[in-house]
file target_23.cif (mmCIF, C-alpha atoms)
data_model
#
loop_
_atom_site.label_atom_id
_atom_site.label_comp_id
_atom_site.auth_asym_id
_atom_site.auth_seq_id
_atom_site.Cartn_x
_atom_site.Cartn_y
_atom_site.Cartn_z
CA GLU E 13 130.07 -10.14 79.82
CA VAL E 14 133.58 -8.79 80.29
CA GLN E 15 134.02 -7.61 83.87
CA LEU E 16 136.44 -7.02 86.70
CA VAL E 17 135.15 -7.56 90.22
CA GLN E 18 137.14 -6.16 93.11
CA SER E 19 137.23 -7.22 96.75
CA GLY E 20 135.26 -5.33 99.37
CA ALA E 21 136.04 -2.27 101.43
CA GLU E 22 138.72 -2.52 104.09
CA VAL E 23 139.41 -0.63 107.31
CA LYS E 24 142.92 -1.05 108.63
CA LYS E 25 145.30 0.42 111.21
CA PRO E 26 148.62 2.08 110.34
CA GLY E 27 151.39 -0.47 110.05
CA GLU E 28 149.11 -3.34 109.07
CA SER E 29 149.48 -5.23 105.80
CA GLN E 30 146.75 -5.45 103.19
CA LYS E 31 146.06 -7.23 99.90
CA ILE E 32 143.11 -6.36 97.66
CA SER E 33 142.01 -8.33 94.64
CA CYS E 34 140.58 -7.92 91.16
CA LYS E 35 138.99 -10.92 89.43
CA GLY E 36 138.48 -10.92 85.69
CA SER E 37 135.87 -12.84 83.75
CA GLY E 38 134.38 -12.99 80.27
CA TYR E 39 137.71 -12.66 78.44
CA SER E 40 141.17 -14.24 78.26
CA PHE E 41 142.67 -12.92 81.51
CA THR E 42 146.22 -13.85 80.49
CA SER E 43 146.08 -11.85 77.24
CA TYR E 44 145.53 -8.36 78.65
CA TRP E 45 147.43 -6.14 81.04
CA ILE E 46 145.77 -5.14 84.32
CA GLY E 47 146.49 -1.71 85.78
CA TRP E 48 145.88 -0.20 89.22
CA VAL E 49 144.76 3.39 89.81
CA ARG E 50 144.55 5.33 93.08
CA GLN E 51 142.01 8.04 93.80
CA MET E 52 142.44 9.79 97.12
CA PRO E 53 139.33 11.40 98.67
CA GLY E 54 138.21 14.34 96.53
CA LYS E 55 141.26 14.05 94.29
CA GLY E 56 142.17 12.90 90.78
CA LEU E 57 143.30 9.62 89.28
CA GLU E 58 146.87 8.40 89.77
CA TRP E 59 148.49 5.60 87.77
CA MET E 60 150.14 3.10 90.11
CA GLY E 61 151.36 0.22 88.01
CA ILE E 62 150.51 -2.60 85.66
CA ILE E 63 150.92 -6.35 85.30
CA TYR E 64 150.63 -8.83 82.44
CA PRO E 65 149.09 -11.94 84.03
CA GLY E 66 150.38 -14.14 81.22
CA ASP E 67 153.98 -13.87 82.42
CA SER E 68 153.72 -11.55 85.47
CA ASP E 69 155.69 -8.77 83.75
CA THR E 70 155.13 -5.83 86.12
CA ARG E 71 155.82 -2.12 85.72
CA TYR E 72 155.42 0.60 88.38
CA SER E 73 154.99 4.34 88.29
CA PRO E 74 158.07 5.91 89.95
CA SER E 75 155.76 7.41 92.59
CA PHE E 76 154.61 3.97 93.71
CA GLN E 77 157.75 1.87 93.14
CA GLY E 78 158.67 0.27 96.46
CA GLN E 79 155.42 1.41 98.11
CA VAL E 80 153.15 -1.34 96.83
CA THR E 81 153.41 -4.76 95.18
CA ILE E 82 151.35 -5.84 92.20
CA SER E 83 150.92 -9.53 91.48
CA ALA E 84 148.60 -11.94 89.69
CA ASP E 85 147.45 -15.55 89.90
CA LYS E 86 146.47 -16.54 86.39
CA SER E 87 145.03 -19.86 87.55
CA ILE E 88 142.15 -17.96 89.16
CA SER E 89 142.15 -14.90 86.86
CA THR E 90 142.93 -12.55 89.73
CA ALA E 91 145.28 -9.61 90.13
CA TYR E 92 146.37 -8.19 93.47
CA LEU E 93 147.59 -4.96 94.99
CA GLN E 94 149.30 -5.20 98.35
CA TRP E 95 150.95 -3.14 101.04
CA SER E 96 153.35 -4.42 103.68
CA SER E 97 152.83 -1.51 106.07
CA LEU E 98 149.90 0.83 105.55
CA LYS E 99 150.00 4.56 106.27
CA ALA E 100 147.12 6.94 106.81
CA SER E 101 148.01 8.51 103.46
CA ASP E 102 147.11 5.22 101.74
CA THR E 103 143.45 5.95 102.46
CA ALA E 104 141.85 6.03 99.03
CA MET E 105 139.69 4.30 96.46
CA TYR E 106 141.67 1.82 94.37
CA TYR E 107 140.54 0.74 90.92
CA CYS E 108 141.79 -2.03 88.71
CA ALA E 109 141.26 -1.86 84.98
CA ARG E 110 142.00 -3.85 81.85
CA VAL E 111 144.63 -2.05 79.81
CA ARG E 112 144.83 -2.08 76.04
CA ALA E 113 148.37 -2.24 74.71
CA THR E 114 150.26 -2.53 71.47
CA ALA E 115 153.78 -3.87 71.07
CA ASP E 116 156.51 -2.59 68.77
CA ARG E 117 159.92 -4.27 68.82
CA GLU E 118 159.36 -5.63 72.33
CA VAL E 119 158.25 -2.27 73.71
CA TYR E 120 154.68 -2.14 75.03
CA TYR E 121 152.65 1.03 74.59
CA PHE E 122 149.57 1.34 76.82
CA TYR E 123 146.76 3.28 75.24
CA GLY E 124 143.53 2.86 77.16
CA MET E 125 141.83 1.29 80.16
CA ASP E 126 138.63 -0.12 78.69
CA VAL E 127 137.12 -2.21 81.49
CA TRP E 128 137.13 -1.05 85.11
CA GLY E 129 136.43 -2.71 88.40
CA GLN E 130 133.95 -1.15 90.77
CA GLY E 131 136.71 0.07 93.10
CA THR E 132 137.88 -0.92 96.57
CA THR E 133 137.93 1.61 99.39
CA VAL E 134 140.85 1.27 101.76
CA THR E 135 140.65 3.31 104.96
CA VAL E 136 143.69 3.48 107.23
CA SER E 137 143.03 4.97 110.64
CA SER E 138 144.18 4.43 114.19
CA GLN X 242 156.32 12.08 87.21
CA SER X 243 154.27 15.30 86.86
CA ALA X 244 150.63 15.02 85.98
CA LEU X 245 149.37 16.37 82.68
CA THR X 246 147.83 19.84 83.00
CA GLN X 247 144.07 20.27 82.63
CA PRO X 248 141.82 23.21 83.53
CA ALA X 249 140.15 22.66 86.89
CA SER X 250 136.71 23.40 85.52
CA VAL X 251 134.79 24.19 82.36
CA SER X 252 131.12 24.88 81.82
CA GLY X 253 128.62 25.17 79.01
CA SER X 254 124.93 25.31 78.28
CA PRO X 255 122.92 22.45 76.81
CA GLY X 256 123.46 22.19 73.07
CA GLN X 257 126.75 24.07 73.12
CA SER X 258 130.22 22.63 72.47
CA ILE X 259 133.04 22.67 74.97
CA THR X 260 136.70 21.74 74.75
CA ILE X 261 138.94 20.47 77.53
CA SER X 262 142.68 20.84 77.07
CA CYS X 263 145.43 18.54 78.30
CA THR X 264 148.99 19.83 78.19
CA GLY X 265 151.99 17.57 78.56
CA THR X 266 155.57 17.48 77.36
CA SER X 267 157.74 16.05 74.62
CA SER X 268 158.10 12.91 76.78
CA ASP X 269 154.39 12.06 76.82
CA VAL X 270 151.65 13.79 74.80
CA GLY X 271 154.11 15.24 72.30
CA ALA X 272 155.94 11.96 71.76
CA TYR X 273 153.12 9.44 71.34
CA ASN X 274 149.64 9.15 69.88
CA TYR X 275 148.55 7.24 72.98
CA VAL X 276 146.34 9.86 74.59
CA SER X 277 143.08 8.71 76.12
CA TRP X 278 140.19 10.42 77.88
CA TYR X 279 137.98 9.19 80.72
CA GLN X 280 134.63 10.31 82.09
CA GLN X 281 133.94 9.82 85.78
CA LEU X 282 130.40 10.35 87.02
CA PRO X 283 129.98 11.06 90.75
CA GLY X 284 130.57 7.94 92.82
CA LYS X 285 131.34 5.79 89.77
CA ALA X 286 134.38 4.19 88.20
CA PRO X 287 135.94 6.03 85.25
CA LYS X 288 134.81 5.17 81.71
CA LEU X 289 137.00 5.21 78.62
CA MET X 290 135.69 7.78 76.12
CA ILE X 291 138.59 8.27 73.70
CA TYR X 292 141.77 6.31 73.02
CA GLU X 293 144.75 6.81 70.72
CA VAL X 294 143.94 10.54 70.52
CA ASN X 295 140.71 10.30 68.51
CA TYR X 296 139.21 6.80 68.55
CA ARG X 297 135.92 6.11 70.31
CA PRO X 298 135.18 2.74 71.94
CA SER X 299 131.99 1.04 70.83
CA GLY X 300 128.99 2.61 72.51
CA VAL X 301 130.48 6.05 73.12
CA SER X 302 128.50 8.87 71.54
CA ASN X 303 129.99 10.55 68.47
CA ARG X 304 129.42 13.86 70.29
CA PHE X 305 132.79 13.12 71.90
CA SER X 306 135.92 13.70 69.84
CA GLY X 307 139.63 14.08 70.48
CA SER X 308 142.58 15.77 68.85
CA LYS X 309 146.23 16.55 69.45
CA SER X 310 148.70 19.23 68.43
CA GLY X 311 152.27 19.24 69.66
CA ASN X 312 152.40 18.68 73.41
CA SER X 313 148.67 19.33 73.91
CA ALA X 314 145.58 17.22 73.41
CA SER X 315 141.91 18.19 73.53
CA LEU X 316 138.55 16.59 74.18
CA THR X 317 135.55 18.22 72.52
CA ILE X 318 131.97 17.51 73.51
CA SER X 319 129.39 18.80 71.07
CA GLY X 320 125.65 19.14 71.66
CA LEU X 321 126.23 19.29 75.41
CA GLN X 322 123.69 17.37 77.51
CA ALA X 323 122.95 17.39 81.22
CA GLU X 324 124.17 13.78 81.48
CA ASP X 325 127.65 14.91 80.35
CA GLU X 326 128.21 16.65 83.68
CA ALA X 327 131.15 14.75 85.19
CA ASP X 328 134.88 14.84 85.82
CA TYR X 329 137.08 14.24 82.79
CA TYR X 330 140.66 12.98 82.84
CA CYS X 331 143.23 12.73 80.09
CA SER X 332 146.11 10.28 80.17
CA SER X 333 149.14 9.55 78.04
CA TYR X 334 151.82 6.94 77.62
CA THR X 335 155.12 8.39 78.83
CA THR X 336 158.79 7.68 78.37
CA ASN X 337 159.52 7.71 82.10
CA SER X 338 156.53 5.85 83.57
CA PRO X 339 154.03 3.60 81.90
CA VAL X 340 151.20 6.13 81.96
CA VAL X 341 150.40 9.52 83.49
CA PHE X 342 146.99 11.10 84.15
CA GLY X 343 145.93 14.71 84.01
CA GLY X 344 144.67 16.43 87.14
CA GLY X 345 141.07 16.26 85.99
CA THR X 346 138.46 18.78 84.80
CA LYS X 347 135.02 19.23 86.30
CA LEU X 348 132.44 19.86 83.58
CA THR X 349 129.33 21.74 84.66
CA VAL X 350 126.30 21.86 82.38
CA LEU X 351 124.53 25.12 83.14
#
call {"tool": "encode", "arguments": {"input": "target_23.cif", "output": "structure tokens"}}
result
Amino acid sequence: EVQLVQSGAEVKKPGESQKISCKGSGYSFTSYWIGWVRQMPGKGLEWMGIIYPGDSDTRYSPSFQGQVTISADKSISTAYLQWSSLKASDTAMYYCARVRATADREVYYFYGMDVWGQGTTVTVSS
Amino acid sequence: QSALTQPASVSGSPGQSITISCTGTSSDVGAYNYVSWYQQLPGKAPKLMIYEVNYRPSGVSNRFSGSKSGNSASLTISGLQAEDEADYYCSSYTTNSPVVFGGGTKLTVL
């Protein structure tokens, strides 16, 4: 079974660092992009960024560039999303998802997130 | 990067058809056939329902269909069922950012 399993809920204080994980199984982890999506309480989905575990090629949404770091360890089929200094406004549910992509002359076009993790709740409060 | 524009809510009775619109720009929806739609049931992760404007993943009911014209895309659900009540999000590949989502539409089955 193809699945992504995310790490458990976290409660942190402002200013603390945090790293959440997303482990893939049932497919070739290095052959698909992994994306991260934020959903703040009661709000919609926001695209954060994406990584190709095969070579760690990483792209960020302009809204999240410099705010978070996306990485992957292909040896253990795991992608990560991390913060160096959390803010209360980072309180949200975070989802990882496998991203389908097609390439044309070295440009990647992302066209669907077909497998999703169960989500990780991050709560930042003093 | 501005989100794609969706109506906040739509509603319909069982058996009816409804359409949810998704309006973007010439840098996203209008430029690429990489529009997808997601269903999110309360308390659950999103689920891919449509990709590349009008393709359904295996296992998704053929009551769901997608289309695009110019800078706007649409999701149509025919034969509405109570289980279709959920939030629906469109997304598109964009020139300026890998992907952008719509603001979401709450579907109520009356």
call {"tool": "closest_residue", "arguments": {"input": "target_23.cif", "among": "E:Gln51, E:Gln30, E:Ser43, E:Gln18", "to": "Gly345 of chain X", "atoms": "all atoms listed in the file"}}
result
E:Gln51
call {"tool": "interface_residues", "arguments": {"input": "target_23.cif", "of": "chain E", "to": "chain X", "cutoff": "6 Å", "atoms": "only C-alpha atoms", "output": "list in words"}}
result
Gly56, Ser73, Tyr123, Gly124, Asp126 and Gln130 of chain E
call {"tool": "residues_around", "arguments": {"input": "target_23.cif", "residues": "segment 103-113 of chain E", "least_positions_apart": "2", "cutoff": "6 Å", "atoms": "only C-alpha atoms", "output": "list of chain:residue names"}}
result
E:Trp45, E:Ile46, E:Gly47, E:Trp48, E:Val49, E:Arg50, E:Gln51, E:Met52, E:Pro53, E:Ala100, E:Ser101, E:Tyr121, E:Phe122, E:Tyr123, E:Gly124, E:Met125, E:Asp126, E:Val127, E:Trp128, E:Gly129, E:Gly131, E:Thr132, E:Thr133, E:Val134, E:Thr135, E:Val136
call {"tool": "write_last_selection", "arguments": {"input": "target_23.cif", "atoms": "C-alpha atoms", "output": "compact mmCIF listing (two decimals), keeping the file's coordinate frame"}}
result
# COMPACT_ATOMS: atom_id res chain seq x y z
CA TRP E 45 147.43 -6.14 81.04
CA ILE E 46 145.77 -5.14 84.32
CA GLY E 47 146.49 -1.71 85.78
CA TRP E 48 145.88 -0.20 89.22
CA VAL E 49 144.76 3.39 89.81
CA ARG E 50 144.55 5.33 93.08
CA GLN E 51 142.01 8.04 93.80
CA MET E 52 142.44 9.79 97.12
CA PRO E 53 139.33 11.40 98.67
CA ALA E 100 147.12 6.94 106.81
CA SER E 101 148.01 8.51 103.46
CA TYR E 121 152.65 1.03 74.59
CA PHE E 122 149.57 1.34 76.82
CA TYR E 123 146.76 3.28 75.24
CA GLY E 124 143.53 2.86 77.16
CA MET E 125 141.83 1.29 80.16
CA ASP E 126 138.63 -0.12 78.69
CA VAL E 127 137.12 -2.21 81.49
CA TRP E 128 137.13 -1.05 85.11
CA GLY E 129 136.43 -2.71 88.40
CA GLY E 131 136.71 0.07 93.10
CA THR E 132 137.88 -0.92 96.57
CA THR E 133 137.93 1.61 99.39
CA VAL E 134 140.85 1.27 101.76
CA THR E 135 140.65 3.31 104.96
CA VAL E 136 143.69 3.48 107.23
call {"tool": "closest_residue", "arguments": {"input": "target_23.cif", "among": "E:Glu28, E:Asp69, E:Glu58, E:Asp102", "to": "Tyr44 of chain E", "atoms": "all atoms listed in the file"}}
result
E:Asp69
call {"tool": "residues_around", "arguments": {"input": "target_23.cif", "residues": "Leu348 of chain X", "least_positions_apart": "2", "cutoff": "8 Å", "atoms": "all atoms listed in the file", "output": "list in words"}}
result
Ser250, Val251, Ser252, Gly253, Asp325, Glu326, Ala327, Asp328, Tyr329, Thr346 and Val350 of chain X
call {"tool": "residues_around", "arguments": {"input": "target_23.cif", "residues": "Leu316 of chain X", "least_positions_apart": "4", "cutoff": "7 Å", "atoms": "only C-alpha atoms", "output": "list in words"}}
result
Thr260, Ile261, Ser262, Ser306, Gly307 and Ser308 of chain X
call {"tool": "atom_distance", "arguments": {"input": "target_23.cif", "atom1": "atom CA of Lys31 of chain E", "atom2": "atom CA of Ser89 of chain E"}}
result
15.6 Å
call {"tool": "atom_distance", "arguments": {"input": "target_23.cif", "atom1": "atom CA of Ala249 of chain X", "atom2": "atom CA of Ser310 of chain X"}}
result
20.6 Å
call {"tool": "resolve_selection", "arguments": {"input": "target_23.cif", "expression": "the PyMOL selection byres ((chain E and resi 81) around 7)", "output": "PDB file with C-alpha atoms, in the frame of the given file"}}
result
ATOM      1  CA  VAL E  80     153.150  -1.340  96.830  1.00  0.00           C
ATOM      2  CA  ILE E  82     151.350  -5.840  92.200  1.00  0.00           C
ATOM      3  CA  SER E  83     150.920  -9.530  91.480  1.00  0.00           C
ATOM      4  CA  LEU E  93     147.590  -4.960  94.990  1.00  0.00           C
ATOM      5  CA  GLN E  94     149.300  -5.200  98.350  1.00  0.00           C
ATOM      6  CA  TRP E  95     150.950  -3.140 101.040  1.00  0.00           C
TER       7      TRP E  95
END
call {"tool": "atom_distance", "arguments": {"input": "target_23.cif", "atom1": "atom CA of Gln280 of chain X", "atom2": "atom CA of Asn295 of chain X"}}
result
14.9 Å
call {"tool": "residues_around", "arguments": {"input": "target_23.cif", "residues": "Ala272 of chain X", "least_positions_apart": "5", "cutoff": "8 Å", "atoms": "all atoms listed in the file", "output": "PyMOL selection string"}}
result
chain X and resi 266-267+312+335
call {"tool": "residues_around", "arguments": {"input": "target_23.cif", "residues": "Ser137 of chain E", "least_positions_apart": "3", "cutoff": "7 Å", "atoms": "only C-alpha atoms", "output": "list in words"}}
result
Lys24, Lys25, Pro26 and Ala100 of chain E
call {"tool": "closest_residue", "arguments": {"input": "target_23.cif", "among": "E:Ser29, E:Ala84, E:Gly20, E:Ser68", "to": "Ser97 of chain E", "atoms": "all atoms listed in the file"}}
result
E:Ser29
call {"tool": "build_atoms", "arguments": {"input": "target_23.cif", "residues": "segment 64-75 of chain E", "atoms": "all heavy atoms", "output": "PDB file, in the frame of the given file"}}
result
ATOM      1  N   TYR E  64     151.115  -7.945  83.503  1.00  0.00           N
ATOM      2  CA  TYR E  64     150.630  -8.830  82.440  1.00  0.00           C
ATOM      3  C   TYR E  64     150.493 -10.213  83.053  1.00  0.00           C
ATOM      4  O   TYR E  64     151.499 -10.887  83.305  1.00  0.00           O
ATOM      5  CB  TYR E  64     151.601  -8.842  81.273  1.00  0.00           C
ATOM      6  CG  TYR E  64     151.065  -9.552  80.060  1.00  0.00           C
ATOM      7  CD1 TYR E  64     150.080  -8.964  79.272  1.00  0.00           C
ATOM      8  CD2 TYR E  64     151.556 -10.807  79.700  1.00  0.00           C
ATOM      9  CE1 TYR E  64     149.582  -9.619  78.162  1.00  0.00           C
ATOM     10  CE2 TYR E  64     151.064 -11.462  78.589  1.00  0.00           C
ATOM     11  CZ  TYR E  64     150.074 -10.866  77.820  1.00  0.00           C
ATOM     12  OH  TYR E  64     149.572 -11.511  76.724  1.00  0.00           O
ATOM     13  N   PRO E  65     149.271 -10.663  83.335  1.00  0.00           N
ATOM     14  CA  PRO E  65     149.090 -11.940  84.030  1.00  0.00           C
ATOM     15  C   PRO E  65     149.674 -13.143  83.284  1.00  0.00           C
ATOM     16  O   PRO E  65     149.990 -14.153  83.908  1.00  0.00           O
ATOM     17  CB  PRO E  65     147.564 -12.063  84.146  1.00  0.00           C
ATOM     18  CG  PRO E  65     147.084 -10.654  84.130  1.00  0.00           C
ATOM     19  CD  PRO E  65     147.995  -9.954  83.164  1.00  0.00           C
ATOM     20  N   GLY E  66     149.853 -13.025  81.983  1.00  0.00           N
ATOM     21  CA  GLY E  66     150.380 -14.140  81.220  1.00  0.00           C
ATOM     22  C   GLY E  66     151.776 -14.567  81.648  1.00  0.00           C
ATOM     23  O   GLY E  66     152.094 -15.760  81.679  1.00  0.00           O
ATOM     24  N   ASP E  67     152.616 -13.543  81.992  1.00  0.00           N
ATOM     25  CA  ASP E  67     153.980 -13.870  82.420  1.00  0.00           C
ATOM     26  C   ASP E  67     154.417 -13.075  83.639  1.00  0.00           C
ATOM     27  O   ASP E  67     155.594 -13.107  84.005  1.00  0.00           O
ATOM     28  CB  ASP E  67     154.962 -13.630  81.266  1.00  0.00           C
ATOM     29  CG  ASP E  67     155.006 -12.176  80.824  1.00  0.00           C
ATOM     30  OD1 ASP E  67     154.377 -11.328  81.473  1.00  0.00           O
ATOM     31  OD2 ASP E  67     155.673 -11.883  79.806  1.00  0.00           O
ATOM     32  N   SER E  68     153.480 -12.352  84.255  1.00  0.00           N
ATOM     33  CA  SER E  68     153.720 -11.550  85.470  1.00  0.00           C
ATOM     34  C   SER E  68     154.703 -10.403  85.256  1.00  0.00           C
ATOM     35  O   SER E  68     155.272  -9.885  86.222  1.00  0.00           O
ATOM     36  CB  SER E  68     154.180 -12.417  86.641  1.00  0.00           C
ATOM     37  OG  SER E  68     153.128 -13.258  87.065  1.00  0.00           O
ATOM     38  N   ASP E  69     154.913  -9.974  84.025  1.00  0.00           N
ATOM     39  CA  ASP E  69     155.690  -8.770  83.750  1.00  0.00           C
ATOM     40  C   ASP E  69     154.990  -7.611  84.453  1.00  0.00           C
ATOM     41  O   ASP E  69     153.795  -7.382  84.245  1.00  0.00           O
ATOM     42  CB  ASP E  69     155.749  -8.529  82.239  1.00  0.00           C
ATOM     43  CG  ASP E  69     156.615  -7.344  81.859  1.00  0.00           C
ATOM     44  OD1 ASP E  69     157.151  -6.640  82.747  1.00  0.00           O
ATOM     45  OD2 ASP E  69     156.760  -7.100  80.645  1.00  0.00           O
ATOM     46  N   THR E  70     155.722  -6.885  85.291  1.00  0.00           N
ATOM     47  CA  THR E  70     155.130  -5.830  86.120  1.00  0.00           C
ATOM     48  C   THR E  70     155.914  -4.537  85.957  1.00  0.00           C
ATOM     49  O   THR E  70     157.142  -4.549  85.944  1.00  0.00           O
ATOM     50  CB  THR E  70     155.117  -6.246  87.597  1.00  0.00           C
ATOM     51  OG1 THR E  70     154.495  -7.534  87.725  1.00  0.00           O
ATOM     52  CG2 THR E  70     154.337  -5.255  88.463  1.00  0.00           C
ATOM     53  N   ARG E  71     155.210  -3.444  85.823  1.00  0.00           N
ATOM     54  CA  ARG E  71     155.820  -2.120  85.720  1.00  0.00           C
ATOM     55  C   ARG E  71     155.162  -1.203  86.772  1.00  0.00           C
ATOM     56  O   ARG E  71     153.959  -1.301  86.981  1.00  0.00           O
ATOM     57  CB  ARG E  71     155.600  -1.499  84.336  1.00  0.00           C
ATOM     58  CG  ARG E  71     155.647  -2.484  83.165  1.00  0.00           C
ATOM     59  CD  ARG E  71     157.023  -2.792  82.711  1.00  0.00           C
ATOM     60  NE  ARG E  71     157.045  -3.827  81.672  1.00  0.00           N
ATOM     61  CZ  ARG E  71     157.016  -3.571  80.361  1.00  0.00           C
ATOM     62  NH1 ARG E  71     156.907  -2.323  79.933  1.00  0.00           N
ATOM     63  NH2 ARG E  71     157.080  -4.566  79.493  1.00  0.00           N
ATOM     64  N   TYR E  72     155.947  -0.316  87.371  1.00  0.00           N
ATOM     65  CA  TYR E  72     155.420   0.600  88.380  1.00  0.00           C
ATOM     66  C   TYR E  72     155.663   2.044  87.982  1.00  0.00           C
ATOM     67  O   TYR E  72     156.682   2.375  87.380  1.00  0.00           O
ATOM     68  CB  TYR E  72     156.101   0.354  89.740  1.00  0.00           C
ATOM     69  CG  TYR E  72     155.799  -0.980  90.378  1.00  0.00           C
ATOM     70  CD1 TYR E  72     156.630  -2.075  90.178  1.00  0.00           C
ATOM     71  CD2 TYR E  72     154.681  -1.136  91.193  1.00  0.00           C
ATOM     72  CE1 TYR E  72     156.355  -3.314  90.760  1.00  0.00           C
ATOM     73  CE2 TYR E  72     154.393  -2.359  91.792  1.00  0.00           C
ATOM     74  CZ  TYR E  72     155.241  -3.439  91.569  1.00  0.00           C
ATOM     75  OH  TYR E  72     154.965  -4.655  92.152  1.00  0.00           O
ATOM     76  N   SER E  73     154.736   2.915  88.356  1.00  0.00           N
ATOM     77  CA  SER E  73     154.990   4.340  88.290  1.00  0.00           C
ATOM     78  C   SER E  73     156.096   4.656  89.303  1.00  0.00           C
ATOM     79  O   SER E  73     156.110   4.077  90.402  1.00  0.00           O
ATOM     80  CB  SER E  73     153.732   5.111  88.663  1.00  0.00           C
ATOM     81  OG  SER E  73     154.044   6.460  88.966  1.00  0.00           O
ATOM     82  N   PRO E  74     157.013   5.570  88.983  1.00  0.00           N
ATOM     83  CA  PRO E  74     158.070   5.910  89.950  1.00  0.00           C
ATOM     84  C   PRO E  74     157.514   6.332  91.315  1.00  0.00           C
ATOM     85  O   PRO E  74     158.148   6.071  92.341  1.00  0.00           O
ATOM     86  CB  PRO E  74     158.792   7.083  89.262  1.00  0.00           C
ATOM     87  CG  PRO E  74     158.585   6.846  87.813  1.00  0.00           C
ATOM     88  CD  PRO E  74     157.205   6.267  87.699  1.00  0.00           C
ATOM     89  N   SER E  75     156.339   6.944  91.324  1.00  0.00           N
ATOM     90  CA  SER E  75     155.760   7.410  92.590  1.00  0.00           C
ATOM     91  C   SER E  75     155.345   6.271  93.506  1.00  0.00           C
ATOM     92  O   SER E  75     155.203   6.456  94.713  1.00  0.00           O
ATOM     93  CB  SER E  75     154.541   8.297  92.307  1.00  0.00           C
ATOM     94  OG  SER E  75     154.901   9.424  91.541  1.00  0.00           O
TER      95      SER E  75
END
